[in-house]
$ cat coords18.cif   # mmCIF, C-alpha atoms and all ligand atoms
data_final
#
loop_
_atom_site.label_atom_id
_atom_site.label_comp_id
_atom_site.auth_asym_id
_atom_site.auth_seq_id
_atom_site.Cartn_x
_atom_site.Cartn_y
_atom_site.Cartn_z
CA MET N 12 112.26 108.31 87.16
CA ASN N 13 114.16 108.27 90.44
CA ARG N 14 112.54 107.98 93.87
CA ARG N 15 112.23 111.72 94.36
CA GLN N 16 110.64 112.28 90.96
CA LEU N 17 108.18 109.43 91.53
CA GLN N 18 107.15 110.95 94.86
CA ARG N 19 106.91 114.44 93.39
CA GLU N 20 104.55 113.15 90.68
CA ALA N 21 102.36 111.46 93.33
CA VAL N 22 102.24 114.61 95.51
CA LEU N 23 101.16 116.64 92.47
CA ALA N 24 98.44 114.10 91.63
CA ALA N 25 97.11 114.39 95.20
CA GLU N 26 97.26 118.21 95.04
CA TYR N 27 95.29 118.10 91.80
CA VAL N 28 92.53 116.04 93.46
CA LEU N 29 92.52 118.37 96.50
CA ALA N 30 92.31 121.51 94.34
CA ASP N 31 89.21 120.07 92.72
CA LEU N 32 87.67 119.10 96.08
CA ASP N 33 88.56 122.36 97.88
CA PRO N 34 88.19 120.83 101.37
CA GLU N 35 87.81 122.65 104.70
CA PRO N 36 91.47 123.28 105.74
CA GLY N 37 92.54 120.81 108.39
CA GLY N 38 89.42 118.67 108.05
CA ARG N 39 89.07 115.04 107.10
CA ILE N 40 89.05 114.18 103.40
CA PRO N 41 85.82 112.32 102.48
CA ILE N 42 87.79 109.61 100.68
CA PHE N 43 84.90 107.19 100.04
CA ASP N 44 82.76 109.98 98.52
CA LEU N 45 85.73 111.05 96.40
CA ILE N 46 86.04 107.54 94.95
CA GLU N 47 82.31 107.27 94.23
CA ASP N 48 82.23 110.74 92.65
CA ARG N 49 84.82 109.53 90.16
CA GLY N 50 82.52 106.72 89.02
CA ILE N 51 84.76 104.03 90.52
CA TRP N 52 82.95 101.01 91.98
CA LEU N 53 83.62 100.83 95.72
CA SER N 54 83.07 97.69 97.76
CA PHE N 55 83.86 96.49 101.28
CA GLN N 56 84.77 92.83 101.77
CA PRO N 57 86.44 90.69 104.42
CA LEU N 58 89.54 90.14 102.23
CA ASP N 59 91.82 87.40 103.48
CA GLN N 60 95.45 88.59 103.39
CA LEU N 61 94.83 91.78 101.46
CA LEU N 62 94.01 95.29 102.65
CA GLY N 63 92.77 96.53 99.31
CA VAL N 64 92.42 95.84 95.60
CA TYR N 65 92.40 98.14 92.59
CA GLN N 66 91.08 96.74 89.33
CA ARG N 67 90.74 98.35 85.96
CA VAL N 68 89.16 96.61 82.99
CA GLY N 69 88.84 98.92 79.98
CA ASP N 70 86.94 101.99 81.17
CA VAL N 71 85.59 100.34 84.31
CA ALA N 72 87.52 100.71 87.56
CA GLY N 73 86.78 99.22 90.98
CA ILE N 74 88.24 99.41 94.47
CA ALA N 75 87.68 96.79 97.19
CA ILE N 76 88.60 97.51 100.81
CA ASN N 77 89.13 94.99 103.60
CA ALA N 78 86.18 95.80 105.88
CA ALA N 79 87.62 93.83 108.81
CA ARG N 80 90.39 96.38 109.46
CA PRO N 81 90.21 99.59 111.54
CA ILE N 82 88.43 102.47 109.81
CA THR N 83 91.60 104.59 109.71
CA LEU N 84 93.38 101.83 107.80
CA GLN N 85 90.37 101.41 105.48
CA ARG N 86 90.53 105.14 104.67
CA PHE N 87 94.28 105.01 104.05
CA THR N 88 93.89 101.91 101.87
CA ALA N 89 91.11 103.60 99.88
CA ALA N 90 93.35 106.63 99.30
CA HIS N 91 96.18 104.29 98.22
CA GLU N 92 93.96 102.51 95.68
CA LEU N 93 92.66 105.85 94.40
CA GLY N 94 96.34 106.76 93.92
CA HIS N 95 96.81 103.75 91.60
CA HIS N 96 93.79 104.98 89.65
CA GLU N 97 94.80 108.65 89.42
CA LEU N 98 98.40 107.78 88.48
CA GLY N 99 97.24 105.48 85.69
CA HIS N 100 98.62 102.26 87.19
CA ARG N 101 97.36 98.81 86.21
CA SER N 102 95.40 96.57 88.60
CA HIS N 103 96.95 95.98 92.05
CA LEU N 104 96.47 93.55 94.93
CA ASP N 105 97.73 95.23 98.09
CA ASP N 106 98.74 93.56 101.33
CA SER N 107 99.94 95.51 104.34
CA ARG N 108 103.53 95.69 103.01
CA ASN N 109 102.32 97.59 99.93
CA ILE N 110 100.16 99.95 101.97
CA GLU N 111 102.22 100.58 105.11
CA ALA N 112 105.85 99.42 104.79
CA ALA N 113 108.80 101.12 103.12
CA THR N 114 108.87 99.89 99.53
CA SER N 115 111.10 100.02 96.46
CA ASP N 116 108.28 99.19 94.01
CA PRO N 117 107.73 102.43 92.03
CA ASN N 118 103.93 102.07 91.81
CA GLU N 119 103.56 101.26 95.52
CA LEU N 120 105.85 104.12 96.49
CA GLN N 121 103.68 106.46 94.44
CA ALA N 122 100.38 105.12 95.81
CA GLN N 123 101.71 105.45 99.39
CA THR N 124 102.90 109.00 98.76
CA PHE N 125 99.59 109.89 97.10
CA ALA N 126 97.58 108.53 100.06
CA ALA N 127 99.63 110.41 102.67
CA SER N 128 99.59 113.65 100.64
CA LEU N 129 95.84 113.42 100.08
CA LEU N 130 94.77 112.66 103.66
CA MET N 131 97.55 114.64 105.40
CA SER N 132 98.54 117.43 103.04
CA GLU N 133 101.10 119.94 104.28
CA MET N 134 98.40 122.64 104.31
CA SER N 135 96.04 120.50 106.34
CA VAL N 136 98.71 119.50 108.86
CA GLU N 137 99.90 123.10 109.30
CA SER N 138 96.37 124.39 109.69
CA ARG N 139 95.69 121.87 112.49
CA LEU N 140 99.01 122.58 114.21
CA GLU N 141 98.30 126.31 114.17
CA HIS N 142 94.84 125.74 115.61
CA ARG N 143 96.48 123.95 118.56
CA GLY N 144 98.83 126.87 119.14
CA HIS N 145 101.99 125.33 117.64
CA ASP N 146 104.43 127.11 115.37
CA PRO N 147 103.57 125.24 112.13
CA ASP N 148 107.18 125.42 110.89
CA ARG N 149 108.83 124.23 114.11
CA PRO N 150 106.23 122.48 116.21
CA GLN N 151 107.44 120.76 119.39
CA LEU N 152 105.13 117.77 119.27
CA THR N 153 104.46 115.17 121.92
CA ALA N 154 102.96 111.74 121.29
CA LEU N 155 99.64 113.15 122.54
CA ASP N 156 99.77 116.01 119.98
CA VAL N 157 100.48 113.52 117.18
CA TYR N 158 97.64 111.26 118.29
CA CYS N 159 95.20 114.20 118.35
CA LEU N 160 96.32 115.27 114.87
CA SER N 161 95.78 111.72 113.56
CA VAL N 162 92.21 111.79 114.92
CA GLU N 163 91.47 115.17 113.35
CA LEU N 164 92.67 113.95 109.95
CA GLY N 165 91.13 110.48 110.28
CA VAL N 166 94.35 108.51 109.82
CA SER N 167 96.19 105.99 111.98
CA TYR N 168 98.69 107.15 114.60
CA GLN N 169 101.51 105.38 112.73
CA ALA N 170 100.59 107.03 109.41
CA ALA N 171 100.59 110.45 111.11
CA VAL N 172 104.07 109.86 112.59
CA THR N 173 105.44 108.86 109.17
CA GLN N 174 103.91 111.83 107.37
CA LEU N 175 105.04 114.35 110.03
CA ARG N 176 108.56 113.00 109.57
CA ASN N 177 108.26 113.26 105.76
CA LEU N 178 107.04 116.85 106.05
CA GLY N 179 109.97 117.66 108.35
CA LYS N 180 107.71 118.53 111.30
CA ILE N 181 109.48 116.09 113.64
CA THR N 182 113.05 114.82 113.76
CA ALA N 183 113.94 111.17 113.09
CA ALA N 184 114.71 110.73 116.80
CA ALA N 185 111.36 112.23 117.83
CA ALA N 186 109.54 110.05 115.28
CA GLN N 187 111.15 106.94 116.75
CA ARG N 188 110.27 107.95 120.29
CA ILE N 189 106.68 108.91 119.42
CA TYR N 190 106.15 105.78 117.31
CA LYS N 191 106.83 103.62 120.38
CA ARG N 192 103.89 105.01 122.36
CA LYS N 193 100.74 102.88 122.12
CA PRO N 194 97.66 104.74 120.83
CA LEU N 195 95.45 102.90 123.36
CA GLU N 196 97.53 104.33 126.23
CA ILE N 197 97.09 107.83 124.82
CA LYS N 198 93.34 107.30 124.49
CA GLN N 199 93.21 106.26 128.15
CA GLN N 200 95.25 109.31 129.12
CA LEU N 201 92.68 111.51 127.34
CA LEU N 202 89.84 109.67 129.08
CA GLY N 203 91.31 110.10 132.57
CA GLY N 204 92.36 106.45 132.78
CA ARG N 205 89.17 104.90 131.40
CA ARG N 206 89.42 102.48 128.46
CA PRO N 207 87.27 103.54 125.49
CA ASP N 208 84.19 101.29 125.12
CA ASN N 209 85.49 100.25 121.70
CA VAL N 210 89.30 100.14 121.79
CA ARG N 211 89.45 100.90 118.04
CA ALA N 212 87.36 104.07 118.35
CA SER N 213 89.08 107.44 118.12
CA VAL N 214 89.13 109.78 121.10
CA TRP N 215 88.88 113.49 120.29
CA ARG N 216 90.50 116.05 122.62
CA LEU N 217 88.30 119.15 122.66
CA THR N 218 89.05 122.39 124.48
CA PRO N 219 87.56 125.91 124.55
CA ALA N 220 89.55 126.58 121.33
CA ASP N 221 87.18 124.16 119.55
CA ASN N 222 84.02 126.11 120.41
CA GLU N 223 81.68 126.48 117.40
CA ARG N 224 83.69 124.10 115.21
CA HIS N 225 82.24 121.67 112.70
CA LEU N 226 83.56 118.14 113.26
CA VAL N 227 83.26 115.12 110.99
CA ILE N 228 83.57 112.03 113.19
CA ASP N 229 82.96 108.28 112.92
CA VAL N 230 80.07 106.58 114.68
CA GLY N 231 81.52 105.15 117.92
CA ASP N 232 84.11 107.93 118.36
CA GLU N 233 84.41 109.43 121.84
CA LEU N 234 84.56 113.19 122.40
CA ALA N 235 86.59 114.16 125.48
CA VAL N 236 85.57 117.76 126.18
CA GLY N 237 87.60 119.59 128.84
CA LEU N 238 86.35 123.02 129.92
CA PRO N 239 87.41 125.37 132.73
CA GLU N 240 84.97 125.45 135.61
CA MET N 241 85.12 127.53 138.78
CA ARG N 242 82.96 125.64 141.23
CA SER N 243 83.41 128.12 144.08
CA ALA N 244 81.72 130.78 141.91
CA GLY N 245 78.67 128.56 141.66
CA TYR N 246 78.81 127.86 137.92
CA GLU N 247 78.80 124.37 136.40
CA TRP N 248 78.78 123.07 132.84
CA GLY N 249 75.66 121.15 131.91
CA LEU N 250 74.47 119.33 128.79
CA HIS N 251 71.87 121.37 126.97
CA ARG N 252 71.62 119.56 123.62
CA SER N 253 73.26 116.24 122.74
CA SER N 254 70.99 114.10 120.55
CA GLY N 255 72.82 111.24 118.83
CA LEU N 256 75.46 111.31 121.58
CA THR N 257 75.63 109.29 124.79
CA LEU N 258 77.26 110.73 127.90
CA VAL N 259 79.78 108.08 128.99
CA ASP N 260 81.80 109.95 131.61
CA ASP N 261 81.58 113.12 133.68
CA ARG N 262 84.33 114.23 136.04
CA TYR N 263 85.87 117.29 137.66
CA GLU N 264 89.58 117.79 138.17
CA PRO N 265 90.69 120.53 140.56
CA ALA N 266 93.30 122.86 139.10
CA ALA N 267 96.13 122.21 141.49
CA SER N 268 98.11 119.01 141.52
CA ALA N 269 98.20 116.99 144.75
CA ALA N 270 101.54 118.60 145.60
CA GLU N 271 100.11 122.10 145.97
CA PRO N 272 96.86 122.68 147.84
CA PRO N 273 94.08 124.11 145.66
CA LEU N 274 93.58 127.84 145.91
CA ILE N 275 90.21 129.07 146.98
CA GLY N 276 88.32 130.01 143.84
CA GLY N 277 90.80 128.12 141.65
CA VAL N 278 89.67 127.08 138.21
CA GLY N 279 89.39 123.34 137.67
CA THR N 280 88.56 121.35 134.57
CA ARG N 281 85.24 119.73 133.90
CA GLY N 282 85.66 116.64 131.72
CA LEU N 283 82.63 115.38 129.83
CA THR N 284 82.99 112.42 127.49
CA LEU N 285 80.32 111.67 124.89
CA ARG N 286 80.10 108.86 122.36
CA SER N 287 78.41 109.08 118.98
CA HIS N 288 75.88 106.25 118.63
CA ARG N 289 74.32 106.92 115.23
CA PRO N 290 75.16 108.49 111.90
CA GLY N 291 73.76 111.91 111.06
CA HIS N 292 74.00 115.56 111.92
CA THR N 293 73.79 116.83 115.47
CA THR N 294 74.59 119.81 117.66
CA LEU N 295 76.29 119.42 121.00
CA GLU N 296 75.61 122.35 123.29
CA LEU N 297 77.00 122.75 126.78
CA GLN N 298 76.06 125.64 129.03
CA LEU N 299 77.94 127.10 131.97
CA VAL N 300 75.15 127.94 134.39
CA GLN N 301 74.27 128.39 138.04
CA PRO N 302 72.61 125.00 138.54
CA TRP N 303 69.37 126.17 140.12
CA GLU N 304 66.00 127.39 138.86
CA GLY N 305 66.46 130.74 137.10
CA GLY N 306 70.26 130.62 137.49
CA ASP N 307 72.51 132.77 135.28
CA LEU N 308 74.01 131.55 132.00
CA ALA N 309 77.69 132.55 131.87
CA ASP N 310 79.00 130.76 128.76
CA THR N 311 78.19 128.20 126.07
CA PHE N 312 80.24 125.63 124.17
CA THR N 313 78.80 124.24 120.93
CA LEU N 314 79.95 121.79 118.30
CA ASP N 315 78.30 121.11 114.99
CA ILE N 316 78.85 117.38 114.42
CA THR N 317 78.50 115.14 111.39
CA SER N 318 78.76 111.53 112.43
CA THR N 319 79.50 109.17 109.56
CA ALA N 320 79.35 105.40 109.09
CA LEU N 321 80.83 103.30 106.30
CA PRO N 322 78.64 103.39 103.17
CA VAL N 323 78.00 99.67 103.46
CA SER N 324 75.31 97.24 104.64
CA GLU N 325 74.94 96.15 108.28
CA LEU N 326 76.85 93.00 107.42
CA GLY N 327 79.90 95.15 106.70
CA ARG N 328 80.33 93.83 103.18
CA GLY N 329 79.19 94.54 99.66
CA ILE N 330 79.13 97.42 97.24
CA SER N 331 78.73 100.94 98.65
CA VAL N 332 75.04 101.56 99.45
CA ASN N 333 75.26 104.84 97.51
CA GLN N 334 75.94 102.83 94.35
CA HIS N 335 73.08 100.30 94.70
CA ALA N 336 70.67 102.22 92.45
CA GLN N 337 73.40 102.65 89.83
CA LEU N 338 74.11 98.92 89.94
CA LEU N 339 70.42 97.98 89.49
CA ALA N 340 70.09 100.42 86.58
CA ALA N 341 73.13 98.97 84.80
ZN ZN O 401 99.24 99.41 95.98
#
$ encode --input "coords18.cif" --output "structure tokens" --more "lines below"
Ligand SMILES: [Zn+2]
Amino acid sequence: MNRRQLQREAVLAAEYVLADLDPEPGGRIPIFDLIEDRGIWLSFQPLDQLLGVYQRVGDVAGIAINAARPITLQRFTAAHELGHHELGHRSHLDDSRNIEAATSDPNELQAQTFAASLLMSEMSVESRLEHRGHDPDRPQLTALDVYCLSVELGVSYQAAVTQLRNLGKITAAAAQRIYKRKPLEIKQQLLGGRRPDNVRASVWRLTPADNERHLVIDVGDELAVGLPEMRSAGYEWGLHRSSGLTLVDDRYEPAASAAEPPLIGGVGTRGLTLRSHRPGHTTLELQLVQPWEGGDLADTFTLDITSTALPVSELGRGISVNQHAQLLAA
């Protein structure tokens, strides 16, 4: 098979898995659940030079992930190893060249293509771009747009740039330019200059268009919610429900830039940043109210949030906790 045929086969294998899963369009793929549901042993270890391992002995298959790497890379590695499994490859030891770099090895090329197609399928990418108001066929994407897409899909910034290029959503020149931006700088831009408490955590950009969405996030992620607020009218956004989330920043930015004086009654942006501090299900509800006793309620903004943690012990190593009972019964 030539390169194109190998990639085509891997894309089809990913589409087959997705058809079976039938995920929410544009949402994150629950890759660790997918692996467990297939009866593959899943473990998290501080692997030395390796990012991941796929082993198959007879009918028994296992995947080990390097737990010391960022969660986005762990997800991508898991999808890569699942690719080796789904495509019928033999056992593989994968370092970062196999997972992330351009390769001529047919099996690695296929596993890479499978991982990208599974976590960032064309349908998923287009659905997210449309939600943000882009033309999905010809989006004009900035580094900030690409970063936000990577967060939504739960992949690294670099992996998102590569896949957008492969899908023809950005030109080679744009990919090069966007690739040079540092994700940490973009996170700080989203947080109004503040560094996230954990520099590895993802920062979600949320606007009125996200009202009533269901989000699957990682514990430690920061949610940067920006909502229009007209202070002169006497209405302010306030937190109504936010269990499981910690408010880490609260600021107001007037509408006009320093160059033009603000208009009376101009609409500014209220920026509230919250961090998820525990796994589980929660509802975030913000209310636009007159901040006095018996004041009017003008609007609400709600998010239905599932905050997830790695299915592993506190030590960050060992077999997936969901498989402990299965292991003891064996
Ligand atoms: Zn591999």
$ closest_residue --input "coords18.cif" --among "N:Val332, N:Ala235, N:Ala220, N:Val214" --to "Gly144 (chain N)" --atoms "all atoms listed in the file"
N:Ala220
$ closest_atom_pairs --input "coords18.cif" --of "chain N" --to "ligand ZN 401 (chain O)" --cutoff "8 Å" --atoms "only C-alpha atoms and all ligand atoms" --output "tab-separated table"
residue	atom	partner	partner_atom	distance
N:Gly63	CA	O:ZN401	ZN	7.8
N:Val64	CA	O:ZN401	ZN	7.7
N:Tyr65	CA	O:ZN401	ZN	7.7
N:His91	CA	O:ZN401	ZN	6.2
N:Glu92	CA	O:ZN401	ZN	6.1
N:His95	CA	O:ZN401	ZN	6.6
N:His103	CA	O:ZN401	ZN	5.7
N:Leu104	CA	O:ZN401	ZN	6.6
N:Asp105	CA	O:ZN401	ZN	4.9
N:Asp106	CA	O:ZN401	ZN	7.9
N:Asn109	CA	O:ZN401	ZN	5.3
N:Ile110	CA	O:ZN401	ZN	6.1
N:Asn118	CA	O:ZN401	ZN	6.8
N:Glu119	CA	O:ZN401	ZN	4.7
N:Ala122	CA	O:ZN401	ZN	5.8
N:Gln123	CA	O:ZN401	ZN	7.4
$ residues_around --input "coords18.cif" --residues "Pro207 (chain N)" --least-positions-apart "6" --cutoff "12 Å" --atoms "all atoms listed in the file" --output "ChimeraX atom specification"
/N:194-201,213-215,231-235,259-260,284-286
$ write_last_selection --input "coords18.cif" --atoms "C-alpha atoms" --output "tab-separated table (two decimals), keeping the file's coordinate frame"
chain	number	residue	atom	x	y	z
N	194	PRO	CA	97.66	104.74	120.83
N	195	LEU	CA	95.45	102.90	123.36
N	196	GLU	CA	97.53	104.33	126.23
N	197	ILE	CA	97.09	107.83	124.82
N	198	LYS	CA	93.34	107.30	124.49
N	199	GLN	CA	93.21	106.26	128.15
N	200	GLN	CA	95.25	109.31	129.12
N	201	LEU	CA	92.68	111.51	127.34
N	213	SER	CA	89.08	107.44	118.12
N	214	VAL	CA	89.13	109.78	121.10
N	215	TRP	CA	88.88	113.49	120.29
N	231	GLY	CA	81.52	105.15	117.92
N	232	ASP	CA	84.11	107.93	118.36
N	233	GLU	CA	84.41	109.43	121.84
N	234	LEU	CA	84.56	113.19	122.40
N	235	ALA	CA	86.59	114.16	125.48
N	259	VAL	CA	79.78	108.08	128.99
N	260	ASP	CA	81.80	109.95	131.61
N	284	THR	CA	82.99	112.42	127.49
N	285	LEU	CA	80.32	111.67	124.89
N	286	ARG	CA	80.10	108.86	122.36
$ closest_residue --input "coords18.cif" --among "N:Ala25, N:Ile330, N:Leu175, N:Ala170" --to "Ala112 (chain N)" --atoms "all atoms listed in the file"
N:Ala170
$ closest_residue --input "coords18.cif" --among "N:Pro265, N:Gly255, N:Gly203, N:Gly329" --to "Pro57 (chain N)" --atoms "only C-alpha atoms"
N:Gly329
$ residues_around --input "coords18.cif" --residues "Arg176 (chain N)" --least-positions-apart "6" --cutoff "12 Å" --atoms "all atoms listed in the file" --output "list in words"
Ala127, Met131, Glu133, Val136, Pro150, Leu152, Val157, Gln169, Ala170, Thr182, Ala183, Ala184, Ala185, Ala186, Gln187, Arg188, Ile189 and Tyr190 of chain N
$ residues_around --input "coords18.cif" --residues "Leu17 (chain N)" --least-positions-apart "2" --cutoff "12 Å" --atoms "only C-alpha atoms" --output "ChimeraX atom specification"
/N:12-15,19-24,98,115-125
$ residues_around --input "coords18.cif" --residues "region 72-86 of chain N" --least-positions-apart "6" --cutoff "8 Å" --atoms "all atoms listed in the file" --output "ChimeraX atom specification"
/N:42-43,50-58,61-66,92-93,96,165-167,211,327-328
$ atom_distance --input "coords18.cif" --atom1 "CA of Gly37 (chain N)" --atom2 "CA of Gly282 (chain N)"
24.7 Å
$ closest_residue --input "coords18.cif" --among "N:Leu164, N:Tyr27, N:Ala113, N:Glu47" --to "Gln337 (chain N)" --atoms "only C-alpha atoms"
N:Glu47
$ atom_distance --input "coords18.cif" --atom1 "CA of Val71 (chain N)" --atom2 "CA of Ala90 (chain N)"
18.0 Å
$ atom_distance --input "coords18.cif" --atom1 "CA of Arg216 (chain N)" --atom2 "CA of Leu155 (chain N)"
9.6 Å
$ residues_around --input "coords18.cif" --residues "Arg289 (chain N)" --least-positions-apart "4" --cutoff "9 Å" --atoms "all atoms listed in the file" --output "mmCIF file with C-alpha atoms, keeping the file's coordinate frame"
data_model
loop_
_atom_site.group_PDB
_atom_site.id
_atom_site.type_symbol
_atom_site.label_atom_id
_atom_site.label_comp_id
_atom_site.auth_asym_id
_atom_site.auth_seq_id
_atom_site.Cartn_x
_atom_site.Cartn_y
_atom_site.Cartn_z
ATOM 1 C CA VAL N 230 80.070 106.580 114.680
ATOM 2 C CA GLY N 231 81.520 105.150 117.920
ATOM 3 C CA GLY N 255 72.820 111.240 118.830
ATOM 4 C CA LEU N 256 75.460 111.310 121.580
ATOM 5 C CA SER N 318 78.760 111.530 112.430
ATOM 6 C CA THR N 319 79.500 109.170 109.560
ATOM 7 C CA ALA N 320 79.350 105.400 109.090
#
$ closest_residue --input "coords18.cif" --among "N:Gly69, N:Gly291, N:Pro41, N:Pro147" --to "Lys180 (chain N)" --atoms "all atoms listed in the file"
N:Pro147
$ closest_residue --input "coords18.cif" --among "N:Arg252, N:Val210, N:Thr313, N:His142" --to "Glu223 (chain N)" --atoms "all atoms listed in the file"
N:Thr313
$ build_atoms --input "coords18.cif" --residues "region 65-82 of chain N" --atoms "N, CA and C atoms" --output "compact mmCIF listing (two decimals), in the frame of the given file"
# COMPACT_ATOMS: atom_id res chain seq x y z
N TYR N 65 92.81 97.22 93.64
CA TYR N 65 92.40 98.14 92.59
C TYR N 65 92.34 97.36 91.30
N GLN N 66 91.22 97.45 90.60
CA GLN N 66 91.08 96.74 89.33
C GLN N 66 90.59 97.68 88.26
N ARG N 67 91.19 97.54 87.09
CA ARG N 67 90.74 98.35 85.96
C ARG N 67 90.60 97.42 84.76
N VAL N 68 89.39 97.41 84.19
CA VAL N 68 89.16 96.61 82.99
C VAL N 68 88.54 97.57 81.97
N GLY N 69 89.32 97.93 80.96
CA GLY N 69 88.84 98.92 79.98
C GLY N 69 88.55 100.22 80.69
N ASP N 70 87.31 100.72 80.56
CA ASP N 70 86.94 101.99 81.17
C ASP N 70 86.40 101.83 82.58
N VAL N 71 86.22 100.58 83.00
CA VAL N 71 85.59 100.34 84.31
C VAL N 71 86.66 100.11 85.37
N ALA N 72 86.55 100.87 86.47
CA ALA N 72 87.52 100.71 87.56
C ALA N 72 86.77 100.38 88.85
N GLY N 73 87.39 99.57 89.70
CA GLY N 73 86.78 99.22 90.98
C GLY N 73 87.82 99.15 92.08
N ILE N 74 87.37 99.48 93.29
CA ILE N 74 88.24 99.41 94.47
C ILE N 74 87.53 98.57 95.52
N ALA N 75 88.23 97.58 96.08
CA ALA N 75 87.68 96.79 97.19
C ALA N 75 88.55 97.04 98.41
N ILE N 76 87.89 97.21 99.56
CA ILE N 76 88.60 97.51 100.81
C ILE N 76 88.32 96.39 101.80
N ASN N 77 89.34 96.00 102.56
CA ASN N 77 89.13 94.99 103.60
C ASN N 77 88.36 95.62 104.76
N ALA N 78 87.08 95.20 104.90
CA ALA N 78 86.18 95.80 105.88
C ALA N 78 86.46 95.34 107.31
N ALA N 79 87.35 94.35 107.46
CA ALA N 79 87.62 93.83 108.81
C ALA N 79 88.70 94.64 109.53
N ARG N 80 89.31 95.60 108.84
CA ARG N 80 90.39 96.38 109.46
C ARG N 80 89.87 97.68 110.06
N PRO N 81 90.67 98.33 110.93
CA PRO N 81 90.21 99.59 111.54
C PRO N 81 89.86 100.62 110.46
N ILE N 82 88.92 101.48 110.78
CA ILE N 82 88.43 102.47 109.81
C ILE N 82 89.55 103.38 109.30
